[in-house]
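Visitor: Sharing query.cif here; it has mmCIF, C-alpha atoms.
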data_target
loop_
_atom_site.label_atom_id
_atom_site.label_comp_id
_atom_site.auth_asym_id
_atom_site.auth_seq_id
_atom_site.Cartn_x
_atom_site.Cartn_y
_atom_site.Cartn_z
CA MET U 1 0.00 0.00 0.00
CA ALA U 2 2.88 2.38 0.73
CA LEU U 3 4.36 1.78 -2.72
CA SER U 4 1.02 2.52 -4.41
CA LEU U 5 0.79 5.85 -2.64
CA VAL U 6 4.30 6.75 -3.81
CA PHE U 7 3.49 5.95 -7.41
CA THR U 8 0.22 7.88 -7.24
CA SER U 9 1.87 10.99 -5.80
CA HIS U 10 4.63 11.10 -8.45
CA SER U 11 2.26 10.69 -11.36
CA SER U 12 0.11 13.55 -10.21
CA LEU U 13 2.95 15.99 -9.90
CA SER U 14 4.92 15.36 -13.09
CA CYS U 15 4.89 13.23 -16.15
CA LYS U 16 8.63 12.86 -16.19
CA PRO U 17 9.89 9.37 -16.24
CA LEU U 18 10.60 8.08 -12.79
CA LYS U 19 14.05 7.30 -11.65
CA PRO U 20 14.63 3.89 -10.40
CA LEU U 21 14.14 3.71 -6.66
CA SER U 22 17.05 2.86 -4.55
CA PHE U 23 16.79 1.51 -1.00
CA PRO U 24 19.58 1.89 1.50
CA THR U 25 21.44 -1.20 2.38
CA PRO U 26 20.32 -2.27 5.83
CA LYS U 27 22.92 -2.26 8.57
CA PRO U 28 23.78 -5.48 10.30
CA GLN U 29 21.96 -4.29 13.42
CA SER U 30 18.67 -4.11 11.48
CA LEU U 31 19.02 -7.73 10.43
CA SER U 32 18.94 -9.01 13.98
CA LEU U 33 15.77 -10.92 13.23
CA LEU U 34 17.37 -12.65 10.23
CA SER U 35 20.84 -13.36 11.52
CA LEU U 36 22.63 -14.08 14.75
CA PRO U 37 24.15 -11.15 16.64
CA SER U 38 27.78 -10.33 16.04
CA PRO U 39 30.30 -11.50 18.57
CA ASN U 40 30.51 -9.44 21.64
CA PRO U 41 33.68 -7.41 21.53
CA ASN U 42 33.57 -6.94 25.25
CA PRO U 43 34.38 -10.28 26.89
CA ASN U 44 33.30 -9.07 30.32
CA ARG U 45 29.81 -8.30 29.20
CA LYS U 46 27.33 -11.02 30.08
CA LEU U 47 25.10 -12.32 27.37
CA SER U 48 21.43 -12.58 28.05
CA SER U 49 20.26 -16.12 28.50
CA PHE U 50 18.67 -17.69 25.47
CA ARG U 51 16.37 -20.67 25.86
CA PRO U 52 14.15 -21.84 23.03
CA ARG U 53 10.55 -22.43 24.04
CA SER U 54 7.60 -23.64 22.09
CA SER U 55 3.94 -23.03 22.53
CA LEU U 56 3.43 -26.71 23.34
CA SER U 57 5.91 -26.75 26.23
CA ASP U 58 4.57 -26.98 29.79
CA ASP U 59 7.73 -25.51 31.33
CA THR U 60 7.28 -22.23 33.14
CA PRO U 61 10.16 -19.76 32.76
CA ALA U 62 12.12 -18.95 35.84
CA ASP U 63 11.76 -15.60 37.52
CA GLY U 64 15.09 -14.40 36.09
CA ASP U 65 14.11 -15.33 32.52
CA ARG U 66 10.58 -13.99 32.60
CA PRO U 67 10.33 -10.77 30.46
CA SER U 68 9.07 -7.68 32.18
CA GLN U 69 6.86 -6.87 29.16
CA ILE U 70 5.37 -9.05 26.44
CA THR U 71 4.50 -7.72 22.96
CA ASP U 72 2.05 -9.34 20.55
CA GLU U 73 2.37 -9.72 16.77
CA TRP U 74 1.18 -6.09 16.22
CA GLY U 75 3.88 -4.69 18.46
CA GLU U 76 1.55 -3.76 21.25
CA SER U 77 2.37 -4.53 24.86
CA ALA U 78 0.29 -7.13 26.67
CA ASP U 79 0.26 -8.46 30.22
CA PRO U 80 1.11 -12.12 30.68
CA ALA U 81 -1.95 -14.28 31.13
CA THR U 82 -2.35 -15.81 34.58
CA GLU U 83 -3.39 -19.42 34.85
CA PRO U 84 -6.29 -20.19 37.21
CA GLU U 85 -5.32 -22.03 40.37
CA PRO U 86 -6.69 -25.59 40.62
CA THR U 87 -9.47 -26.01 43.12
CA ILE U 88 -10.92 -29.11 44.76
CA SER U 89 -14.65 -29.41 44.91
CA GLU U 90 -15.99 -30.40 48.29
CA SER U 91 -18.77 -32.37 46.66
CA ASP U 92 -16.35 -34.58 44.72
CA PRO U 93 -13.71 -36.21 46.95
CA PRO U 94 -10.29 -36.84 45.43
CA VAL U 95 -9.84 -40.18 43.76
CA ASN U 96 -6.77 -42.32 44.22
CA GLU U 97 -5.82 -42.72 40.56
CA ASP U 98 -2.59 -44.67 40.54
CA GLU U 99 -0.88 -46.67 37.83
CA TRP U 100 -2.09 -49.94 39.37
CA GLY U 101 -5.73 -49.37 38.55
CA GLY U 102 -6.99 -48.21 41.93
CA GLY U 103 -8.99 -45.37 40.45
CA ASP U 104 -12.29 -46.22 42.16
CA GLU U 105 -10.84 -45.92 45.66
CA TYR U 106 -11.76 -42.67 47.38
CA VAL U 107 -9.51 -41.22 50.03
CA GLU U 108 -10.34 -38.98 52.93
CA ILE U 109 -9.08 -35.40 52.88
CA GLY U 110 -6.88 -34.71 55.88
CA ASN U 111 -5.39 -37.93 57.24
CA GLY U 112 -5.18 -39.76 53.91
CA THR U 113 -6.59 -43.01 55.31
CA PRO U 114 -8.38 -44.96 52.59
CA ALA U 115 -12.05 -45.38 53.42
CA LYS U 116 -12.13 -48.61 51.50
CA ALA U 117 -9.31 -50.04 53.63
CA GLU U 118 -11.29 -49.30 56.81
CA ALA U 119 -14.35 -50.99 55.34
CA GLU U 120 -12.28 -54.04 54.42
CA SER U 121 -10.85 -54.17 57.95
CA ALA U 122 -14.36 -54.10 59.43
CA VAL U 123 -15.40 -56.93 57.13
CA GLU U 124 -12.39 -59.00 58.21
CA VAL U 125 -13.24 -58.49 61.90
CA GLU U 126 -16.83 -59.53 61.25
CA GLU U 127 -15.67 -62.66 59.45
CA VAL U 128 -13.38 -63.61 62.35
CA ASP U 129 -16.20 -63.11 64.88
CA SER U 130 -18.52 -65.23 62.75
CA LYS U 131 -15.92 -68.00 62.56
CA LEU U 132 -15.37 -67.98 66.33
CA THR U 133 -19.11 -68.09 66.98
CA GLU U 134 -19.45 -71.08 64.68
CA LEU U 135 -16.57 -72.89 66.40
CA LYS U 136 -18.07 -72.27 69.84
CA ARG U 137 -21.46 -73.57 68.76
CA CYS U 138 -19.88 -76.67 67.24
CA LEU U 139 -18.00 -77.32 70.49
CA VAL U 140 -21.12 -76.90 72.64
CA ASP U 141 -23.07 -79.25 70.33
CA THR U 142 -20.29 -81.83 70.63
CA LEU U 143 -20.44 -81.65 74.44
CA TYR U 144 -24.18 -82.33 74.53
CA GLY U 145 -24.99 -85.52 76.46
CA THR U 146 -21.47 -86.07 77.80
CA GLU U 147 -22.44 -85.06 81.37
CA LEU U 148 -19.64 -82.50 81.67
CA GLY U 149 -17.26 -84.88 79.92
CA PHE U 150 -17.74 -87.95 82.14
CA ARG U 151 -19.52 -89.98 79.44
CA ALA U 152 -17.49 -88.63 76.50
CA GLY U 153 -15.99 -91.41 74.40
CA SER U 154 -12.59 -91.36 72.71
CA GLU U 155 -14.00 -89.99 69.43
CA VAL U 156 -15.86 -87.21 71.19
CA ARG U 157 -12.81 -86.30 73.25
CA ALA U 158 -10.67 -86.15 70.09
CA GLU U 159 -13.21 -83.85 68.42
CA VAL U 160 -13.33 -81.66 71.53
CA VAL U 161 -9.54 -81.34 71.56
CA GLU U 162 -9.51 -80.36 67.88
CA LEU U 163 -12.16 -77.63 68.33
CA VAL U 164 -10.44 -76.36 71.49
CA ASN U 165 -7.12 -76.09 69.62
CA GLN U 166 -8.75 -74.06 66.84
CA LEU U 167 -10.30 -71.66 69.34
CA GLU U 168 -7.06 -71.27 71.27
CA ALA U 169 -5.21 -70.46 68.03
CA ALA U 170 -7.69 -67.63 67.35
CA ASN U 171 -7.84 -66.32 70.92
CA PRO U 172 -9.09 -62.69 70.73
CA THR U 173 -7.78 -61.88 74.25
CA PRO U 174 -4.08 -62.74 74.54
CA ALA U 175 -3.84 -61.13 78.02
CA PRO U 176 -6.91 -62.31 80.00
CA THR U 177 -5.65 -61.14 83.39
CA GLU U 178 -5.41 -57.60 82.01
CA ASN U 179 -9.08 -57.62 80.91
CA PRO U 180 -11.14 -57.81 84.12
CA GLY U 181 -14.30 -56.83 82.26
CA LEU U 182 -14.14 -60.14 80.40
CA LEU U 183 -12.63 -62.35 83.09
CA ASP U 184 -14.90 -61.30 85.96
CA GLY U 185 -18.25 -63.00 86.40
CA ASN U 186 -19.91 -66.33 87.07
CA TRP U 187 -18.78 -69.10 84.72
CA VAL U 188 -20.68 -72.37 84.16
CA LEU U 189 -18.64 -75.52 83.49
CA LEU U 190 -19.54 -77.29 80.22
CA TYR U 191 -16.74 -79.83 79.97
CA THR U 192 -13.72 -80.99 81.90
CA ALA U 193 -11.02 -83.60 81.61
CA SER U 194 -9.86 -83.01 85.18
CA SER U 195 -8.98 -86.17 87.04
CA GLU U 196 -9.90 -84.50 90.33
CA LEU U 197 -13.52 -84.04 89.29
CA LEU U 198 -14.01 -87.50 87.81
CA PRO U 199 -15.03 -89.15 91.14
CA LEU U 200 -17.60 -86.44 91.72
CA LEU U 201 -18.93 -86.76 88.18
CA ALA U 202 -19.08 -90.52 88.59
CA ALA U 203 -21.21 -90.12 91.71
CA GLY U 204 -23.44 -87.71 89.84
CA SER U 205 -24.08 -90.27 87.14
CA THR U 206 -25.94 -92.62 89.51
CA PRO U 207 -29.76 -92.85 89.22
CA PHE U 208 -30.39 -91.18 92.59
CA LEU U 209 -27.82 -88.39 92.39
CA LYS U 210 -27.18 -85.88 89.64
CA VAL U 211 -24.72 -83.02 89.20
CA ASP U 212 -26.89 -80.00 88.46
CA LYS U 213 -24.10 -77.54 87.75
CA ILE U 214 -20.53 -76.57 88.56
CA ASN U 215 -19.77 -72.86 88.65
CA GLN U 216 -16.67 -70.73 89.03
CA SER U 217 -16.96 -67.10 90.12
CA ILE U 218 -13.96 -64.80 89.54
CA ASP U 219 -13.49 -61.35 91.08
CA THR U 220 -10.28 -59.63 89.97
CA SER U 221 -10.85 -56.62 92.23
CA SER U 222 -10.51 -58.78 95.36
CA LEU U 223 -8.36 -61.48 93.68
CA THR U 224 -10.72 -64.26 94.78
CA ILE U 225 -12.23 -67.35 93.18
CA LEU U 226 -15.26 -69.33 94.35
CA ASN U 227 -15.90 -72.82 92.97
CA SER U 228 -19.36 -74.21 93.72
CA ILE U 229 -21.07 -77.53 92.98
CA THR U 230 -24.77 -78.37 93.24
CA LEU U 231 -25.98 -81.99 93.51
CA SER U 232 -29.60 -83.02 93.21
CA GLY U 233 -31.20 -86.15 94.69
CA PRO U 234 -34.76 -87.44 95.02
CA PHE U 235 -35.22 -85.90 98.49
CA ALA U 236 -32.93 -82.83 98.59
CA THR U 237 -30.44 -80.62 96.83
CA PHE U 238 -26.91 -80.38 98.19
CA SER U 239 -24.37 -77.66 97.45
CA PHE U 240 -20.88 -76.93 98.64
CA SER U 241 -18.14 -74.53 97.57
CA ALA U 242 -14.43 -73.86 97.87
CA SER U 243 -13.06 -70.35 98.20
CA ALA U 244 -9.56 -69.35 97.09
CA SER U 245 -7.32 -66.36 96.49
CA PHE U 246 -5.04 -65.97 93.51
CA GLU U 247 -2.00 -64.04 92.31
CA VAL U 248 -1.33 -62.94 88.76
CA ARG U 249 1.86 -64.56 87.48
CA SER U 250 1.60 -63.64 83.78
CA PRO U 251 -0.90 -62.04 81.37
CA SER U 252 -2.64 -65.41 81.08
CA ARG U 253 -1.71 -67.35 84.22
CA ILE U 254 -2.72 -67.12 87.86
CA GLN U 255 -1.56 -69.00 90.97
CA VAL U 256 -4.47 -70.22 93.13
CA GLN U 257 -4.44 -70.78 96.90
CA PHE U 258 -7.55 -72.53 98.30
CA LYS U 259 -8.65 -71.42 101.76
CA GLU U 260 -11.72 -73.31 102.97
CA GLY U 261 -14.72 -75.34 101.92
CA THR U 262 -18.33 -74.50 102.74
CA PHE U 263 -21.24 -76.97 103.01
CA GLN U 264 -24.66 -75.43 102.67
CA PRO U 265 -27.63 -76.97 104.52
CA PRO U 266 -29.49 -79.38 102.24
CA ASP U 267 -32.52 -78.00 100.52
CA ILE U 268 -35.20 -80.60 101.26
CA LYS U 269 -37.68 -80.89 98.41
CA ALA U 270 -41.36 -80.48 99.13
CA SER U 271 -42.06 -83.56 97.05
CA ILE U 272 -40.04 -86.71 96.48
CA ASP U 273 -38.67 -86.63 92.97
CA LEU U 274 -37.74 -90.06 91.66
CA PRO U 275 -36.82 -90.88 88.07
CA GLN U 276 -39.43 -92.79 86.11
CA ASP U 277 -37.09 -95.73 85.63
CA VAL U 278 -33.48 -96.70 86.24
CA GLU U 279 -31.06 -99.08 84.61
CA ILE U 280 -29.46 -101.63 86.94
CA PHE U 281 -27.15 -104.34 85.59
CA GLY U 282 -28.41 -103.73 82.09
CA GLN U 283 -32.10 -103.93 83.00
CA ARG U 284 -34.63 -101.09 83.10
CA ILE U 285 -36.62 -100.94 86.37
CA ASN U 286 -39.82 -98.89 86.62
CA LEU U 287 -39.92 -96.73 89.77
CA SER U 288 -43.52 -95.55 89.50
CA PRO U 289 -44.73 -97.94 92.27
CA VAL U 290 -41.99 -96.63 94.56
CA GLN U 291 -43.05 -93.06 93.85
CA GLN U 292 -46.63 -93.83 94.85
CA ALA U 293 -45.51 -95.59 98.04
CA LEU U 294 -43.46 -92.58 99.12
CA SER U 295 -46.24 -90.03 98.50
CA PRO U 296 -47.40 -90.02 102.16
CA LEU U 297 -43.89 -88.97 103.20
CA GLN U 298 -44.05 -85.69 101.27
CA GLU U 299 -45.55 -83.81 104.23
CA VAL U 300 -42.77 -85.09 106.48
CA ALA U 301 -40.19 -83.95 103.94
CA ALA U 302 -41.72 -80.46 103.83
CA SER U 303 -41.58 -80.20 107.62
CA ILE U 304 -37.91 -81.23 107.66
CA SER U 305 -37.15 -78.66 104.96
CA ARG U 306 -38.63 -75.82 107.05
CA THR U 307 -36.56 -76.90 110.05
CA ILE U 308 -33.21 -77.15 108.23
CA SER U 309 -33.60 -74.00 106.15
CA GLY U 310 -32.64 -71.81 109.11
CA GLN U 311 -29.39 -73.64 109.85
CA GLN U 312 -26.00 -72.02 109.17
CA SER U 313 -23.54 -73.36 106.66
CA LEU U 314 -20.59 -75.50 107.76
CA LYS U 315 -17.10 -74.19 106.92
CA VAL U 316 -14.12 -76.52 106.81
CA PRO U 317 -10.46 -75.53 106.14
CA ILE U 318 -8.78 -77.24 103.20
CA PRO U 319 -5.48 -78.81 104.31
CA GLY U 320 -2.69 -80.57 102.44
CA GLU U 321 -1.03 -80.09 99.08
CA GLN U 322 -4.37 -79.67 97.32
CA THR U 323 -4.52 -76.07 98.46
CA GLN U 324 -2.07 -74.96 95.72
CA SER U 325 -3.03 -74.89 92.06
CA TRP U 326 -2.53 -72.84 88.91
CA LEU U 327 -4.82 -71.85 86.07
CA LEU U 328 -3.89 -70.82 82.53
CA THR U 329 -6.57 -69.11 80.42
CA THR U 330 -5.99 -69.95 76.75
CA TYR U 331 -9.18 -68.47 75.27
CA LEU U 332 -11.43 -65.65 76.49
CA ASP U 333 -14.19 -63.53 75.04
CA GLU U 334 -17.38 -61.95 76.35
CA ASP U 335 -19.19 -65.26 76.99
CA PHE U 336 -16.75 -68.17 76.52
CA ARG U 337 -13.58 -69.28 78.28
CA ILE U 338 -11.11 -72.15 77.95
CA SER U 339 -8.64 -72.77 80.77
CA ARG U 340 -6.00 -75.35 81.53
CA GLY U 341 -4.78 -76.21 85.00
CA ASP U 342 -2.74 -78.85 86.76
CA GLY U 343 -5.97 -80.85 86.89
CA GLY U 344 -6.74 -80.78 83.14
CA LEU U 345 -8.90 -78.94 80.62
CA PHE U 346 -11.91 -76.75 81.47
CA VAL U 347 -14.49 -75.34 79.01
CA LEU U 348 -16.86 -72.74 80.49
CA ALA U 349 -19.59 -70.34 79.36
CA LYS U 350 -20.52 -67.14 81.18
CA GLU U 351 -23.85 -67.17 82.97
CA GLY U 352 -26.53 -65.70 80.70
CA SER U 353 -24.73 -66.68 77.49
CA PRO U 354 -26.91 -67.86 74.57
CA LEU U 355 -24.62 -70.90 74.36
CA LEU U 356 -26.22 -72.25 77.55
CA GLU U 357 -29.60 -72.27 75.85
CA GLN U 358 -28.60 -74.67 73.08
#
Starting from the file, give its structure as structure tokens.

Guide:
Amino acid sequence: MALSLVFTSHSSLSCKPLKPLSFPTPKPQSLSLLSLPSPNPNPNRKLSSFRPRSSLSDDTPADGDRPSQITDEWGESADPATEPEPTISESDPPVNEDEWGGGDEYVEIGNGTPAKAEAESAVEVEEVDSKLTELKRCLVDTLYGTELGFRAGSEVRAEVVELVNQLEAANPTPAPTENPGLLDGNWVLLYTASSELLPLLAAGSTPFLKVDKINQSIDTSSLTILNSITLSGPFATFSFSASASFEVRSPSRIQVQFKEGTFQPPDIKASIDLPQDVEIFGQRINLSPVQQALSPLQEVAASISRTISGQQSLKVPIPGEQTQSWLLTTYLDEDFRISRGDGGLFVLAKEGSPLLEQ
């Protein structure tokens, strides 16, 4: 456009032929865009840093290389564009997108604990509790009809040992003596292999005498243990107990010192309770005629019961080497306990446990 204006102006002023136009030869400084700058004659002068950059590069220039003013293609100055700072939406939690494909795992903002990991941990705990409950129920079912272990055969005893070993391996309370909330309470004996209790269990297997229950009460605040046994006969119920103190020797073991035994007055029944039949020398004998013959004596039994009920219990010291014992608790939870002592194996359930209702 500039050349056209020049030609138009000359033609309007004169019709003389135009002289050829001559342009001055540009100096080397004006060709800075087409050629490299000449060598610096001053060696002490520092050259400005030159770093090629492309529009596709993600590198951000350093503060020393950033120009103070940027010009566009028309030569006008322009301010450098500022990039918006990334923000995190509160409605969309950050996702753990790693190279291993864990993109659907959300993480918590703050502590960085994966929520999915906590959920998996809760599921594992629930599975362990379910397994322990199933093992306990299987053990209680196996003990049914063994009369606290007295009538358990070799196969039943082997199955009991196997289930006990599995429970002990998964013991949720490795330090029972340090958990009084679980250890304290009244425990009901379900099974024993103790040689010391076998004579008593043998007596309780006779037709006219039965072992109702054997309990063990533990109080860690006073460091005392109370073992009690209740026997039931046709005419009365008998109960006696043995009190002891104990010392904690390890997180799972206590040393027991028995003090004295207590015999409670017999509880005379208001009516004579005989079994319907008994087995003697392999023959079943019907006891219904005996029950009818003893019916007139029920009033006498009630009178004796009223007289004895006011009597005090009889306390007897326990002498000899039997006063010392130890007890090792190998499994403990809120309603089930397995212990081993110098007398053998003991399986117990806490009073009120649903396992006692099976």

Visitor: Using all atoms listed in the file, find each residue of segment 317-351 of chain U with at least one atom at most 12 Å away from an atom of segment 129-132 of chain U; report its shortest atom-to-atom pair and that distance in Å (one decimal), sort the rows by chain and rising residue number, and return the result as JSON lines.

Guide:
{"residue": "U:Tyr331", "atom": "CA", "partner": "U:Leu132", "partner_atom": "CA", "distance": 10.9}
{"residue": "U:Leu332", "atom": "CA", "partner": "U:Leu132", "partner_atom": "CA", "distance": 11.1}
{"residue": "U:Asp333", "atom": "CA", "partner": "U:Leu132", "partner_atom": "CA", "distance": 9.9}
{"residue": "U:Glu334", "atom": "CA", "partner": "U:Asp129", "partner_atom": "CA", "distance": 11.6}
{"residue": "U:Asp335", "atom": "CA", "partner": "U:Leu132", "partner_atom": "CA", "distance": 11.6}
{"residue": "U:Phe336", "atom": "CA", "partner": "U:Leu132", "partner_atom": "CA", "distance": 10.3}

Visitor: With distances taken over only C-alpha atoms, which of U:Arg157, U:Lys259, U:Lys210, U:Arg249 is nearest to Leu327 of chain U?

Guide: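 Nearest candidate to Leu327 of chain U out of U:Arg157, U:Lys259, U:Lys210, U:Arg249: U:Arg249.
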
Visitor: Any idea what the distance is between atom CA of Glu159 of chain U and atom CA of Ser325 of chain U?

Guide: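 Going from atom CA of Glu159 of chain U over to atom CA of Ser325 of chain U covers 27.3 Å.
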
Visitor: Excluding same-chain residues fewer than 3 positions from Lys315 of chain U, what lies within 9 Å of it counting all atoms listed in the file, as a ChimeraX atom specification?

Guide: /U:260-264

Visitor: When distances are computed from only C-alpha atoms, which of U:Arg284, U:Arg151, U:Arg253, U:Lys136 shows the smallest separation from Val347 of chain U?

Guide: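 Of all the options, U:Lys136 lies closest to Val347 of chain U.
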
Visitor: Do a neighbour search on Ser353 of chain U at 10 Å with all atoms listed in the file, toss out local chain neighbours closer than 2 positions, and write the hits as a list in words.

Guide: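 Final neighbour list, sorted by chain and number: Trp187, Val188, Glu334, Asp335, Phe336, Ala349, Lys350, Glu351, Leu355, Leu356, Glu357 and Gln358 of chain U.
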
Visitor: Could you state which residues are captured by the PyMOL selection byres ((chain U and resi 191) around 7) in this file, as a list of chain:residue names?

Guide: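 Selection result, ordered by chain and number: U:Leu143, U:Leu148, U:Gly149, U:Leu189, U:Leu190, U:Thr192, U:Phe346, U:Val347.
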
Visitor: Put those residues in a file: C-alpha atoms, as a tab-separated table (two decimals), in the coordinates of the input.

Guide:
chain	number	residue	atom	x	y	z
U	143	LEU	CA	-20.44	-81.65	74.44
U	148	LEU	CA	-19.64	-82.50	81.67
U	149	GLY	CA	-17.26	-84.88	79.92
U	189	LEU	CA	-18.64	-75.52	83.49
U	190	LEU	CA	-19.54	-77.29	80.22
U	192	THR	CA	-13.72	-80.99	81.90
U	346	PHE	CA	-11.91	-76.75	81.47
U	347	VAL	CA	-14.49	-75.34	79.01

Visitor: Considering only C-alpha atoms, state which residue in the set U:Val125, U:Ala169, U:Leu314, U:Ile218 is at the smallest distance from Ser239 of chain U.

Guide: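 Using only C-alpha atoms, the shortest distance to Ser239 of chain U belongs to U:Leu314.
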
Visitor: Quick one: pull the distance between atom CA of Ile214 of chain U and atom CA of Ser195 of chain U, Å, one decimal.

Guide: 15.1 Å

Visitor: Can you work out which one of U:Pro234, U:Gly181, U:Pro251, U:Gly153 has the shortest atom-to-atom distance to Ser221 of chain U, counting all atoms listed in the file?

Guide: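 Among the listed residues, U:Gly181 lies closest to Ser221 of chain U.
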
Visitor: Please, what distance in Å, to one decimal, runs between atom CA of Val156 of chain U and atom CA of Leu139 of chain U?

Guide: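 Distance reported for this atom pair: 10.1 Å.
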
Visitor: Which polymer residues have any atom within 12 Å of an atom of Gln324 of chain U, counting all atoms listed in the file, with same-chain residues fewer than 3 positions away left out, as a PyMOL selection string?

Guide: chain U and resi 244-247+254-259+318-321+327+341-343

Visitor: Take the selection from the previous step and output its residues with C-alpha atoms, as a short mmCIF file (atom, residue, chain, number, x, y, z; two decimals), in the coordinates of the input.

Guide:
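Result went into selection_9.cif, see below:
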data_model
loop_
_atom_site.label_atom_id
_atom_site.label_comp_id
_atom_site.auth_asym_id
_atom_site.auth_seq_id
_atom_site.Cartn_x
_atom_site.Cartn_y
_atom_site.Cartn_z
CA ALA U 244 -9.56 -69.35 97.09
CA SER U 245 -7.32 -66.36 96.49
CA PHE U 246 -5.04 -65.97 93.51
CA GLU U 247 -2.00 -64.04 92.31
CA ILE U 254 -2.72 -67.12 87.86
CA GLN U 255 -1.56 -69.00 90.97
CA VAL U 256 -4.47 -70.22 93.13
CA GLN U 257 -4.44 -70.78 96.90
CA PHE U 258 -7.55 -72.53 98.30
CA LYS U 259 -8.65 -71.42 101.76
CA ILE U 318 -8.78 -77.24 103.20
CA PRO U 319 -5.48 -78.81 104.31
CA GLY U 320 -2.69 -80.57 102.44
CA GLU U 321 -1.03 -80.09 99.08
CA LEU U 327 -4.82 -71.85 86.07
CA GLY U 341 -4.78 -76.21 85.00
CA ASP U 342 -2.74 -78.85 86.76
CA GLY U 343 -5.97 -80.85 86.89
#
